[in-house]
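*Asks:* Before I ask anything, here is the structure I am working with.
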Number of protein chains: 8
Amino acid sequence: MDLRLLLHQVQTGEVTTAEAERRLRLLPYEDIGFARLDHHRPLRKGFGEVIYAPGKTEAQLVASFRHFQDAGSNVLASRVSPAQAQAVQSQIAQTVYDLVSRTLCLCLHDIPQTGNVAVCTGGTADIPVAEEAAKVAEYFGCRVARYYDVGIAGIHRLFSSLEDIRQANAIAAVAGMEGALGSVIAGLVEVPVIAIPTSVGYGASFGGVSALLTALNACAEGLAVVNIDNGFGGGYLLAQINRLVEKRHAG
Amino acid sequence: MDLRLLLHQVQTGEVTTAEAERRLRLLPYEDIGFARLDHHRPLRKGFGEVIYAPGKTEAQLVASFRHFQDAGSNVLASRVSPAQAQAVQSQIAQTVYDLVSRTLCLCLHDIPQTGNVAVCTGGTADIPVAEEAAKVAEYFGCRVARYYDVGIAGIHRLFSSLEDIRQANAIAAVAGMEGALGSVIAGLVEVPVIAIPTSVGYGASFGGVSALLTALNACAEGLAVVNIDNGFGGGYLLAQINRLVEKRHAG
Amino acid sequence: MDLRLLLHQVQTGEVTTAEAERRLRLLPYEDIGFARLDHHRPLRKGFGEVIYAPGKTEAQLVASFRHFQDAGSNVLASRVSPAQAQAVQSQIAQTVYDLVSRTLCLCLHDIPQTGNVAVCTGGTADIPVAEEAAKVAEYFGCRVARYYDVGIAGIHRLFSSLEDIRQANAIAAVAGMEGALGSVIAGLVEVPVIAIPTSVGYGASFGGVSALLTALNACAEGLAVVNIDNGFGGGYLLAQINRLVEKRHAG
Amino acid sequence: MDLRLLLHQVQTGEVTTAEAERRLRLLPYEDIGFARLDHHRPLRKGFGEVIYAPGKTEAQLVASFRHFQDAGSNVLASRVSPAQAQAVQSQIAQTVYDLVSRTLCLCLHDIPQTGNVAVCTGGTADIPVAEEAAKVAEYFGCRVARYYDVGIAGIHRLFSSLEDIRQANAIAAVAGMEGALGSVIAGLVEVPVIAIPTSVGYGASFGGVSALLTALNACAEGLAVVNIDNGFGGGYLLAQINRLVEKRHAG
Amino acid sequence: MDLRLLLHQVQTGEVTTAEAERRLRLLPYEDIGFARLDHHRPLRKGFGEVIYAPGKTEAQLVASFRHFQDAGSNVLASRVSPAQAQAVQSQIAQTVYDLVSRTLCLCLHDIPQTGNVAVCTGGTADIPVAEEAAKVAEYFGCRVARYYDVGIAGIHRLFSSLEDIRQANAIAAVAGMEGALGSVIAGLVEVPVIAIPTSVGYGASFGGVSALLTALNACAEGLAVVNIDNGFGGGYLLAQINRLVEKRHAG
Amino acid sequence: MDLRLLLHQVQTGEVTTAEAERRLRLLPYEDIGFARLDHHRPLRKGFGEVIYAPGKTEAQLVASFRHFQDAGSNVLASRVSPAQAQAVQSQIAQTVYDLVSRTLCLCLHDIPQTGNVAVCTGGTADIPVAEEAAKVAEYFGCRVARYYDVGIAGIHRLFSSLEDIRQANAIAAVAGMEGALGSVIAGLVEVPVIAIPTSVGYGASFGGVSALLTALNACAEGLAVVNIDNGFGGGYLLAQINRLVEKRHAG
Amino acid sequence: MDLRLLLHQVQTGEVTTAEAERRLRLLPYEDIGFARLDHHRPLRKGFGEVIYAPGKTEAQLVASFRHFQDAGSNVLASRVSPAQAQAVQSQIAQTVYDLVSRTLCLCLHDIPQTGNVAVCTGGTADIPVAEEAAKVAEYFGCRVARYYDVGIAGIHRLFSSLEDIRQANAIAAVAGMEGALGSVIAGLVEVPVIAIPTSVGYGASFGGVSALLTALNACAEGLAVVNIDNGFGGGYLLAQINRLVEKRHAG
Amino acid sequence: MDLRLLLHQVQTGEVTTAEAERRLRLLPYEDIGFARLDHHRPLRKGFGEVIYAPGKTEAQLVASFRHFQDAGSNVLASRVSPAQAQAVQSQIAQTVYDLVSRTLCLCLHDIPQTGNVAVCTGGTADIPVAEEAAKVAEYFGCRVARYYDVGIAGIHRLFSSLEDIRQANAIAAVAGMEGALGSVIAGLVEVPVIAIPTSVGYGASFGGVSALLTALNACAEGLAVVNIDNGFGGGYLLAQINRLVEKRHAG
């Protein structure tokens, strides 16, 4: 450890204080900084690594997975195309691909799932985004309950599951078109609801903008929003809240 | 009557067919046209006239009302400012101003109200637009039921009135912010729902655009939309549908 | 029937009132709710079911049609791609595909067509959307009159059909580019006009936004709007209004 | 209690099961529904009521505060103009107005503050929105730490407070102009960050749209967004997360 | 001729004036109207017909051309894809396809070209749109001078042709990206300049919106604008102005 | 004249060719350039000068008018506020202010009006913009015919004036809201139509964007567009076309 | 100095290496960090401080100026309203307010101006933004040449000054409406051009968006853009480039 | 040389001054103009030519390269597709294609690289745009240091390279998604930073608009922006600034 060594050298007189001062002006952004930042990155035990696949070549993706395999770590990749998945799986047989959520997982160690988060969708076309959120939340240690196709065009479907949904520590509402699911749920529960607008729709849905604006302008309190189709971001937030609650509960 | 006279003159030989042909090429857009178009304008018995007040001087507005007063006809003006209303009322005492809906009415003859239309709002701030719709529908002969502040942030309020709302021939859903009221109602009723988005809100509501997009992208069938804050247009459509139903029913 | 059984059990003392109260708190959103909502869904006799095809796998679509075939019910699917249609037709020979409107229909029982609705288009490129509206209206029991290519670039074409168009209970105006057809028709008729903007055009038509804004800002009263290219929604509204008029007339 | 009474009447035979069935079809949306929904509204002990002031007349606002005063309840109103505040304060002396956050509070009972949430701003012009978030979070029982003017134009200011900020259960990042504060913080902490974009800026900030888009497109995970200038919504989410953590911790 | 006949029948007493009145109420929009409108359509001698190809099947397009061939008339089709062109040419050998402008012309009679219009482009990528404008202007009887690649990044190229450009009766300025060519030319000439923005560019050119806004906001007077990539519309306006000038000059 | 002098000096040997070459490299953009550009500026005999008033102080405006008064020239200022007008008129009594069009004119010499241009409006609220166009066209020597309130909500009003409108050399169609007037007229006439969208409207008219898009996407040929509310630009184009036609006709 | 002291204490054994390590993890972002960042802030000798006035109370603004006055430093405030300026000037007589650029300067020490930068505007209405850029550049030590009203509507005005403009180290092109000035200049010079779009214009200028897009899409190389009306930012960049050039030249 | 010859002919009397005057009115925009403009175009010694490949046929591209090869000049083409590159390389073997930056270079003479510019990216997906900027800067004689994947999601990566980055004469910050890299760097350095927003991202990144707005609204001074994905423009500006600094330094 550089910092520890340096201080030792100051203590023993091997390094002057002037020299130490000079090196410390830059050091924090390097070794100390890195070490320090390290423990608030999502690299911690039990949480595993994540890879964002778009823009990566198949070779780069294989290399990344090989790196984690060699290190004996779990890793999850999101937005993996079928071709990318096939390239990795042909090299690293332990990886598991989920076509719906487009996630590719190397799961060398079991991930214990605790707490309770809910993922709801307005329609069936929203399921791929919802599954990305669900898989990410599971990968980060959440027990996930799914409530799909409970949109407001047939609002009784939502109500029939409401008692269960209300048990969650956090809820994702995944919806395209008019995207009002998040508003309706937020009006009925006590916990934070994460709206994940989807690009499902046509015409004046403008690729998800309509659903995004609906969520931003919700009358109901307790609704926060992530980017259109951002299942990863939504699942991550569910996991953060779930961890906060369960950690304190457990601690 | 020009056309009748002209044909008589042709018949009697006072006017040649060539001369008649020449005049008839233009006539339709004048007298015939006018007469003909007359019976599909909103000028019919029991319907009364309407005036759009913005951009009119107080003198012009007084003159318009005087014209109808002299003719013994009802007339309704929309979007009338308090100053405009005062100017007219100081001259024509029979006019009645409604500050909430900003309508000014000269009602010389009673307007019988038949049928049943409903006007709902998401919140209390939507009431001015809703009242414009309601007053216009009443002026055009509708019996109007009002259901205000039944928005989706507390959806039980809507459900408690649902059986009554479902009796209407047509329903206006007036809502700003995320504007999902129309979608929810359209999923629960058999009749056409007219969404009237309002400019209520701030930030990413973009002056009513959010509510407008919500209505355009509704998953539920049976929802049509008018311009932001267009209470007049919404009330007019309610009246058209109500008249169609009641007229046939009565006929 | 659960509710009936429960009340019977309360009556006979099999179930205590406390237990019944507990179960009734949730019940409405389940069985009662479902039953209750059932009779305002578009599932009623003579109306048939509808399926929205986009995002469904061929297998899912075949299964849906098989379900209705087994139940002896009519069903209509909208936005069906040729490949989807072929997949269903190879399994269920009774289905009929219409390439222009992209509708696929299983019509086991004749649908009597009553009343009168009109579907107009500005140009020939708007016909696929118009046909979707027309097919949907016919499926829901309307007699449909078509007036295609009557746009305002040659407004005499519209006028030559005007007397017929004016007989309809409701009118759809399907137009892209500047999309002014709905405004012009609404200025000439007594009944509600549903503007269906289309994405026909290029450049500053912005995929139908220009036509959408034209309809929303119409000077003429009596014009309501649905989403861009939403032939289904427009046809549904025509059918709702037509049913209201004819039902009362018949009743 | 209607439901309890009805079941008793069924048990005793006063009411037939058929009549009970008929009444139960509507009941859930009324009394049961209301009772049921009641306990997930923000009306619970220690949480107090809230009033959204815009669009309310001074008389309506006084009446609302009088209602809570009579009931001996706390209540907080948001977005209260100085004129509105003066009108209420002249009638109800116990109310306290905060000019910066534009909140008006009737605080009859002390609100114990627990947990730890952080509210950060990019600049000084963002403080009014931040204060609204902070006051709301405090009203809902949070201990709030403020870190103002720590924006990325001088990022060392943020770093000097980072260890403290990292202790929070949830963090609000309030920023206008380019609005990158939330992204930077989310990259440095473990807990959820709520971005509250503000309308501070000019030109291509488009009234907060730039800051909103920045937050929606953050590279860093763990960032959720609310509407532009929505201090209330941001503070509410902080309080929800804080309550979840502390409640479980305490339980 | 219906109108002439009808008047004759009135004159002779074969038709009563009442019956004539009834029929004349509709007639204007049919036969008279049609006849009347006929002579202001672009169907006149020397002008030829035009066909808009997009959305037409190959069979429809062949049929249209066959119709004009049989009638012995010229006809021009715009926005014709190579596949469409090949389909027509394989059937009607006299048609000539221009790949750059995507026009397909059946030119049975020579079109005399008079007057003088200019078509300028900012860059080489704008040439396809410019050629559409030029071919259309030529088809409608203009002598066309082309000035390509004279954009403002090297403004001396424009100046070296300025004296010639200034001789035109009307000028089209075809430019994408920042699209300032029209503004610069309009500041230097006496005649109307038609800006035709193109979709050439990337990023914040937004498919031609940047060039469109530039033209709409020109400081220089005498600049009018058509839709993005609307070579046809621009060429048509050049021809209208050229015809006005030359016709009066010749008359 | 510098250029003439310089050449003379070269001829006489007063200036060397090297020195002349150096000076000529810059000269064209100065004196020659200026002289040359001079004769295509709108400063020619009979055309008069124009001043754009916004952003000018009252003192600057008075000075500008004084300059033209001293020079014995006509001059027209556009977009002049009443306060600006009063400031000028109190100093220069000969100026005439028109409140509707907001033009202020110093007309020392009569302007003969020739030719024929038409200015049409959709509604009465469009008249200020139309009057600006008309006054500008008159100032530049056009005989102007006005056709106001002939919008498509009552299209018979347009038809009744159509024969007269068709006589114009060029036509301005001034309309807000859906702004379809230009499209309808362009479909009915042979001459260029200049659409001047206005900001009249509310909600989704977006300050004139709806009317602007309508004009850009017109199905009818022969329609060109200027900026929203740009009466000056529209009137200028009318005058350019009128001048082209009449000049050649007269020449 | 904390760091120096700490290292000394490690050397002498007063502080253990473990304790030093703990404290050093935070230190860099505090004292070292601050010291380090200090010397790249714009606070250096000869550059002076700047204050952004909007959102500051008059009292805050006075206090800020007092602070610099006490420290004997120059300071410049931008976007200062007349009321703000008056408040400061009534307290601190040495401050100088410039109404056009809205800058307020406390200039205790002369600022030597070196190098050469140019500020150009398209029209006279752009001058306030241009003057802000010029004053800021002067405050940061530039010699500034102004070229106002040289826009492309009369492009000869630009050419007559071109040789002088080309001498600058950097050029600001300040223009609203179509905003093409920057493109034209960048095509004619060797040095970087900073486009400062202004909100001058109306209608489809969209508050400066049109001018902004023009600059972003320039065909000419060597053009960079800042926010709409951002005279400060543009002047700052001119000064940065000027300093780079002159410093190296001088060094 | 025409100009020189002409002046000689005037001197000798071969050409009259009147004839010379006539020819000189046009000449400047031709030969003199061209010659004059020539020496401020990027064609100077050591700078080489550039070609913009999009929209060029393979034959045109080959011809362009052949032209420079024959002239013995360097030339760089940007945005060259692999197919275009292959076509050129099969003909002109000396050309070198770089797949990442999509540049194709004919480098017949070594380009000495001086000075120091930095190109930074937020993520790995931004590298193609960054490489275009870097290659262009190198082609124009810059020594380029690359700092990739130093975005604000892990801001310590940026800090660890900060001392080196601060040595540059100019810095490009290439970033998509929220695009805050430029703002952060500009807050930490003394030299101009050029933000190059990229279209990397999805949903509400709107093809790079989010990153573009972030850069335009930066709180930090010293940030200028180019179009989305405009690596060429960014690299060009780096080279302009670098040349200014080094030229003066060297001179």
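Please note that chains go A, B, ... in the order of the structure tokens, that every chain numbers its residues from 1, and that ligands are numbered from 1 in the order shown.
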Taking only C-alpha atoms into account, report as a ChimeraX atom specification which residues of chain A lie within 9 Å of chain D.
*Replies:* /A:37,40-42,169,187-192,194,213,215-218,220-228,232-234,236-237,240-241,244-251
*Asks:* Apply DSSP to the backbone of this structure and, from range 126-207 of chain F, keep only the residues in strand (DSSP E or B); write these as a list in words.
*Replies:*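 Output for range 126-207 of chain F, strand (DSSP E or B) only: Cys142, Arg143, Val144, Ala145, Arg146, Tyr147, Ala170, Ile171, Ala172, Ala173, Val174, Ala175, Val193, Ile194, Ala195, Ile196 and Pro197 of chain F.
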*Asks:* Write the residues of the preceding selection, restricted to C-alpha atoms, as a PDB file, in the first residue's frame.
*Replies:*
```
ATOM      1  CA  CYS F 142     -48.845  47.713 -54.741  1.00  0.00           C
ATOM      2  CA  ARG F 143     -52.571  48.144 -55.084  1.00  0.00           C
ATOM      3  CA  VAL F 144     -53.807  45.920 -52.225  1.00  0.00           C
ATOM      4  CA  ALA F 145     -57.170  44.185 -51.886  1.00  0.00           C
ATOM      5  CA  ARG F 146     -58.096  42.967 -48.387  1.00  0.00           C
ATOM      6  CA  TYR F 147     -60.195  39.860 -47.678  1.00  0.00           C
ATOM      7  CA  ALA F 170     -49.688  37.351 -55.493  1.00  0.00           C
ATOM      8  CA  ILE F 171     -51.683  36.538 -52.383  1.00  0.00           C
ATOM      9  CA  ALA F 172     -50.843  36.592 -48.680  1.00  0.00           C
ATOM     10  CA  ALA F 173     -52.757  34.144 -46.467  1.00  0.00           C
ATOM     11  CA  VAL F 174     -52.533  35.325 -42.869  1.00  0.00           C
ATOM     12  CA  ALA F 175     -53.790  32.785 -40.329  1.00  0.00           C
ATOM     13  CA  VAL F 193     -49.474  32.303 -52.171  1.00  0.00           C
ATOM     14  CA  ILE F 194     -47.393  33.554 -49.249  1.00  0.00           C
ATOM     15  CA  ALA F 195     -48.499  31.991 -45.974  1.00  0.00           C
ATOM     16  CA  ILE F 196     -47.950  34.263 -42.977  1.00  0.00           C
ATOM     17  CA  PRO F 197     -48.599  32.134 -39.880  1.00  0.00           C
TER      18      PRO F 197
END
```
*Asks:* I want to know what sits within 12 Å of Asp149 in chain F, based on only C-alpha atoms, with residues of the same chain fewer than 5 positions away left out; could you give that as a ChimeraX atom specification?
*Replies:* /C:219 /F:119-127,130,154-158,161,173-176,181
*Asks:* Let's have the selection written as a compact mmCIF listing (two decimals), in the first residue's frame, with C-alpha atoms.
*Replies:*
```txt
# COMPACT_ATOMS: atom_id res chain seq x y z
CA CYS C 219 -61.08 26.92 -35.57
CA VAL F 119 -54.16 39.97 -48.36
CA CYS F 120 -56.52 37.43 -46.72
CA THR F 121 -56.97 36.47 -43.06
CA GLY F 122 -58.50 33.49 -41.37
CA GLY F 123 -60.01 35.46 -38.51
CA THR F 124 -60.30 38.95 -37.12
CA ALA F 125 -57.45 38.43 -34.66
CA ASP F 126 -55.06 38.00 -37.60
CA ILE F 127 -55.79 41.50 -38.89
CA ALA F 130 -52.31 41.31 -42.24
CA GLY F 154 -66.80 29.01 -42.66
CA ILE F 155 -65.30 28.29 -46.03
CA HIS F 156 -68.21 29.80 -48.00
CA ARG F 157 -66.88 33.26 -47.06
CA LEU F 158 -63.70 32.50 -48.95
CA SER F 161 -64.60 36.34 -52.85
CA ALA F 173 -52.76 34.14 -46.47
CA VAL F 174 -52.53 35.32 -42.87
CA ALA F 175 -53.79 32.78 -40.33
CA GLY F 176 -53.14 31.50 -36.82
CA LEU F 181 -56.10 29.14 -45.07
```
*Asks:* Would you work out the distance separating CA of Glu58 in chain D from CA of Val200 in chain B, expressed in Å to one decimal?
*Replies:* 18.6 Å
*Asks:* Please provide the set of residues having any atom within 10 Å of Tyr52 in chain G, restricted to only C-alpha atoms, with same-chain residues fewer than 5 positions apart removed, written as a list in words.
*Replies:*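 Here the qualifying residues turn out to be Leu61, Leu76, Ala77, Ser78, Arg79, Val80, Thr103 and Phe232 of chain G.
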*Asks:* Now that the selection is made, can you save its residues with C-alpha atoms as an mmCIF file, in the first residue's frame?
*Replies:*
```
data_model
loop_
_atom_site.group_PDB
_atom_site.id
_atom_site.type_symbol
_atom_site.label_atom_id
_atom_site.label_comp_id
_atom_site.auth_asym_id
_atom_site.auth_seq_id
_atom_site.Cartn_x
_atom_site.Cartn_y
_atom_site.Cartn_z
ATOM 1 C CA LEU G 61 -24.277 42.255 -3.791
ATOM 2 C CA LEU G 76 -16.562 42.750 -12.118
ATOM 3 C CA ALA G 77 -20.246 41.815 -11.783
ATOM 4 C CA SER G 78 -22.267 40.713 -14.802
ATOM 5 C CA ARG G 79 -26.018 40.842 -15.552
ATOM 6 C CA VAL G 80 -26.496 43.576 -12.984
ATOM 7 C CA THR G 103 -21.722 45.175 -15.997
ATOM 8 C CA PHE G 232 -19.788 36.607 -20.440
#
```
*Asks:* Please return, as a short mmCIF file (atom, residue, chain, number, x, y, z; two decimals) with all heavy atoms, in the first residue's frame, all residues of range 65-95 of chain H that DSSP assigns to alpha helix (DSSP H) on the basis of the backbone.
*Replies:*
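The resulting file, result.cif, is shown below:
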```
data_model
loop_
_atom_site.label_atom_id
_atom_site.label_comp_id
_atom_site.auth_asym_id
_atom_site.auth_seq_id
_atom_site.Cartn_x
_atom_site.Cartn_y
_atom_site.Cartn_z
N PHE H 65 -8.65 12.02 -54.38
CA PHE H 65 -7.35 11.58 -53.86
C PHE H 65 -6.29 11.59 -54.98
O PHE H 65 -5.14 11.98 -54.76
CB PHE H 65 -7.46 10.20 -53.22
CG PHE H 65 -7.80 10.26 -51.77
CD1 PHE H 65 -9.12 10.30 -51.34
CD2 PHE H 65 -6.80 10.32 -50.80
CE1 PHE H 65 -9.43 10.38 -50.00
CE2 PHE H 65 -7.10 10.38 -49.46
CZ PHE H 65 -8.42 10.42 -49.05
N ARG H 66 -6.69 11.12 -56.14
CA ARG H 66 -5.77 11.11 -57.28
C ARG H 66 -5.25 12.53 -57.56
O ARG H 66 -4.05 12.74 -57.79
CB ARG H 66 -6.50 10.58 -58.54
CG ARG H 66 -5.66 10.45 -59.77
CD ARG H 66 -4.85 9.15 -59.80
NE ARG H 66 -5.71 8.00 -60.03
CZ ARG H 66 -5.38 6.75 -59.65
NH1 ARG H 66 -4.23 6.51 -59.04
NH2 ARG H 66 -6.21 5.75 -59.87
N HIS H 67 -6.18 13.51 -57.49
CA HIS H 67 -5.81 14.90 -57.71
C HIS H 67 -4.69 15.34 -56.76
O HIS H 67 -3.71 15.97 -57.16
CB HIS H 67 -7.04 15.79 -57.53
CG HIS H 67 -6.76 17.25 -57.48
ND1 HIS H 67 -6.57 18.03 -58.59
CD2 HIS H 67 -6.62 18.09 -56.41
CE1 HIS H 67 -6.33 19.27 -58.22
NE2 HIS H 67 -6.36 19.35 -56.92
N PHE H 68 -4.83 15.00 -55.49
CA PHE H 68 -3.81 15.42 -54.52
C PHE H 68 -2.53 14.61 -54.70
O PHE H 68 -1.43 15.14 -54.54
CB PHE H 68 -4.35 15.30 -53.09
CG PHE H 68 -5.36 16.36 -52.78
CD1 PHE H 68 -6.72 16.10 -52.83
CD2 PHE H 68 -4.94 17.65 -52.49
CE1 PHE H 68 -7.64 17.09 -52.58
CE2 PHE H 68 -5.87 18.65 -52.23
CZ PHE H 68 -7.22 18.37 -52.27
N GLN H 69 -2.68 13.33 -55.01
CA GLN H 69 -1.50 12.51 -55.26
C GLN H 69 -0.67 13.10 -56.42
O GLN H 69 0.54 13.25 -56.31
CB GLN H 69 -1.92 11.07 -55.61
CG GLN H 69 -0.76 10.09 -55.68
CD GLN H 69 -1.22 8.73 -56.19
OE1 GLN H 69 -2.10 8.63 -57.04
NE2 GLN H 69 -0.62 7.68 -55.64
N ASP H 70 -1.37 13.45 -57.47
CA ASP H 70 -0.70 14.05 -58.62
C ASP H 70 -0.01 15.37 -58.26
O ASP H 70 1.05 15.68 -58.76
CB ASP H 70 -1.69 14.29 -59.77
CG ASP H 70 -2.22 12.98 -60.33
OD1 ASP H 70 -1.66 11.91 -59.98
OD2 ASP H 70 -3.20 13.01 -61.09
N ALA H 71 -0.67 16.11 -57.37
CA ALA H 71 -0.10 17.40 -56.97
C ALA H 71 0.97 17.25 -55.91
O ALA H 71 1.59 18.23 -55.49
CB ALA H 71 -1.22 18.30 -56.44
N PRO H 82 -16.04 2.22 -44.55
CA PRO H 82 -15.10 1.17 -44.95
C PRO H 82 -15.14 0.89 -46.46
O PRO H 82 -14.09 0.71 -47.08
CB PRO H 82 -15.57 -0.04 -44.14
CG PRO H 82 -16.19 0.57 -42.91
CD PRO H 82 -16.84 1.83 -43.40
N ALA H 83 -16.34 0.92 -47.04
CA ALA H 83 -16.44 0.64 -48.48
C ALA H 83 -15.75 1.74 -49.29
O ALA H 83 -15.03 1.46 -50.25
CB ALA H 83 -17.90 0.53 -48.89
N GLN H 84 -15.97 2.98 -48.89
CA GLN H 84 -15.29 4.09 -49.57
C GLN H 84 -13.78 3.95 -49.44
O GLN H 84 -13.03 4.13 -50.41
CB GLN H 84 -15.73 5.44 -48.97
CG GLN H 84 -17.14 5.87 -49.36
CD GLN H 84 -17.54 7.17 -48.68
OE1 GLN H 84 -17.32 7.33 -47.48
NE2 GLN H 84 -18.15 8.08 -49.42
N ALA H 85 -13.33 3.62 -48.23
CA ALA H 85 -11.89 3.49 -47.99
C ALA H 85 -11.29 2.41 -48.89
O ALA H 85 -10.24 2.60 -49.51
CB ALA H 85 -11.64 3.16 -46.53
N GLN H 86 -11.99 1.28 -48.95
CA GLN H 86 -11.48 0.17 -49.75
C GLN H 86 -11.36 0.57 -51.22
O GLN H 86 -10.38 0.24 -51.89
CB GLN H 86 -12.43 -1.02 -49.61
CG GLN H 86 -11.82 -2.34 -50.08
CD GLN H 86 -12.68 -3.51 -49.68
OE1 GLN H 86 -13.86 -3.34 -49.34
NE2 GLN H 86 -12.11 -4.70 -49.69
N ALA H 87 -12.37 1.31 -51.70
CA ALA H 87 -12.34 1.75 -53.09
C ALA H 87 -11.13 2.63 -53.37
O ALA H 87 -10.45 2.48 -54.40
CB ALA H 87 -13.63 2.52 -53.42
N VAL H 88 -10.84 3.53 -52.45
CA VAL H 88 -9.70 4.42 -52.66
C VAL H 88 -8.39 3.63 -52.52
O VAL H 88 -7.47 3.76 -53.34
CB VAL H 88 -9.72 5.61 -51.67
CG1 VAL H 88 -8.46 6.46 -51.82
CG2 VAL H 88 -10.97 6.45 -51.89
N GLN H 89 -8.32 2.80 -51.49
CA GLN H 89 -7.06 2.09 -51.24
C GLN H 89 -6.70 1.12 -52.35
O GLN H 89 -5.53 0.88 -52.62
CB GLN H 89 -7.14 1.35 -49.90
CG GLN H 89 -7.12 2.34 -48.72
CD GLN H 89 -7.09 1.64 -47.39
OE1 GLN H 89 -7.98 0.86 -47.07
NE2 GLN H 89 -6.05 1.90 -46.61
N SER H 90 -7.73 0.57 -53.00
CA SER H 90 -7.45 -0.36 -54.10
C SER H 90 -6.80 0.39 -55.28
O SER H 90 -6.17 -0.23 -56.13
CB SER H 90 -8.73 -1.07 -54.54
OG SER H 90 -9.57 -0.14 -55.18
N GLN H 91 -7.00 1.70 -55.33
CA GLN H 91 -6.45 2.50 -56.42
C GLN H 91 -5.17 3.23 -56.02
O GLN H 91 -4.27 3.40 -56.82
CB GLN H 91 -7.48 3.55 -56.87
CG GLN H 91 -8.81 2.98 -57.31
CD GLN H 91 -8.78 2.49 -58.74
OE1 GLN H 91 -8.18 3.13 -59.59
NE2 GLN H 91 -9.38 1.35 -59.00
#
```
*Asks:* Could you check how far CA of Leu6 in chain G sits from CA of Ala18 in chain G, in Å to one decimal?
*Replies:*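 One can read the CA of Leu6 in chain G to CA of Ala18 in chain G distance as 12.2 Å.
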*Asks:* How far is it from CA of Gly179 in chain E to CA of Thr114 in chain E, in Å with one decimal?
*Replies:* 29.1 Å
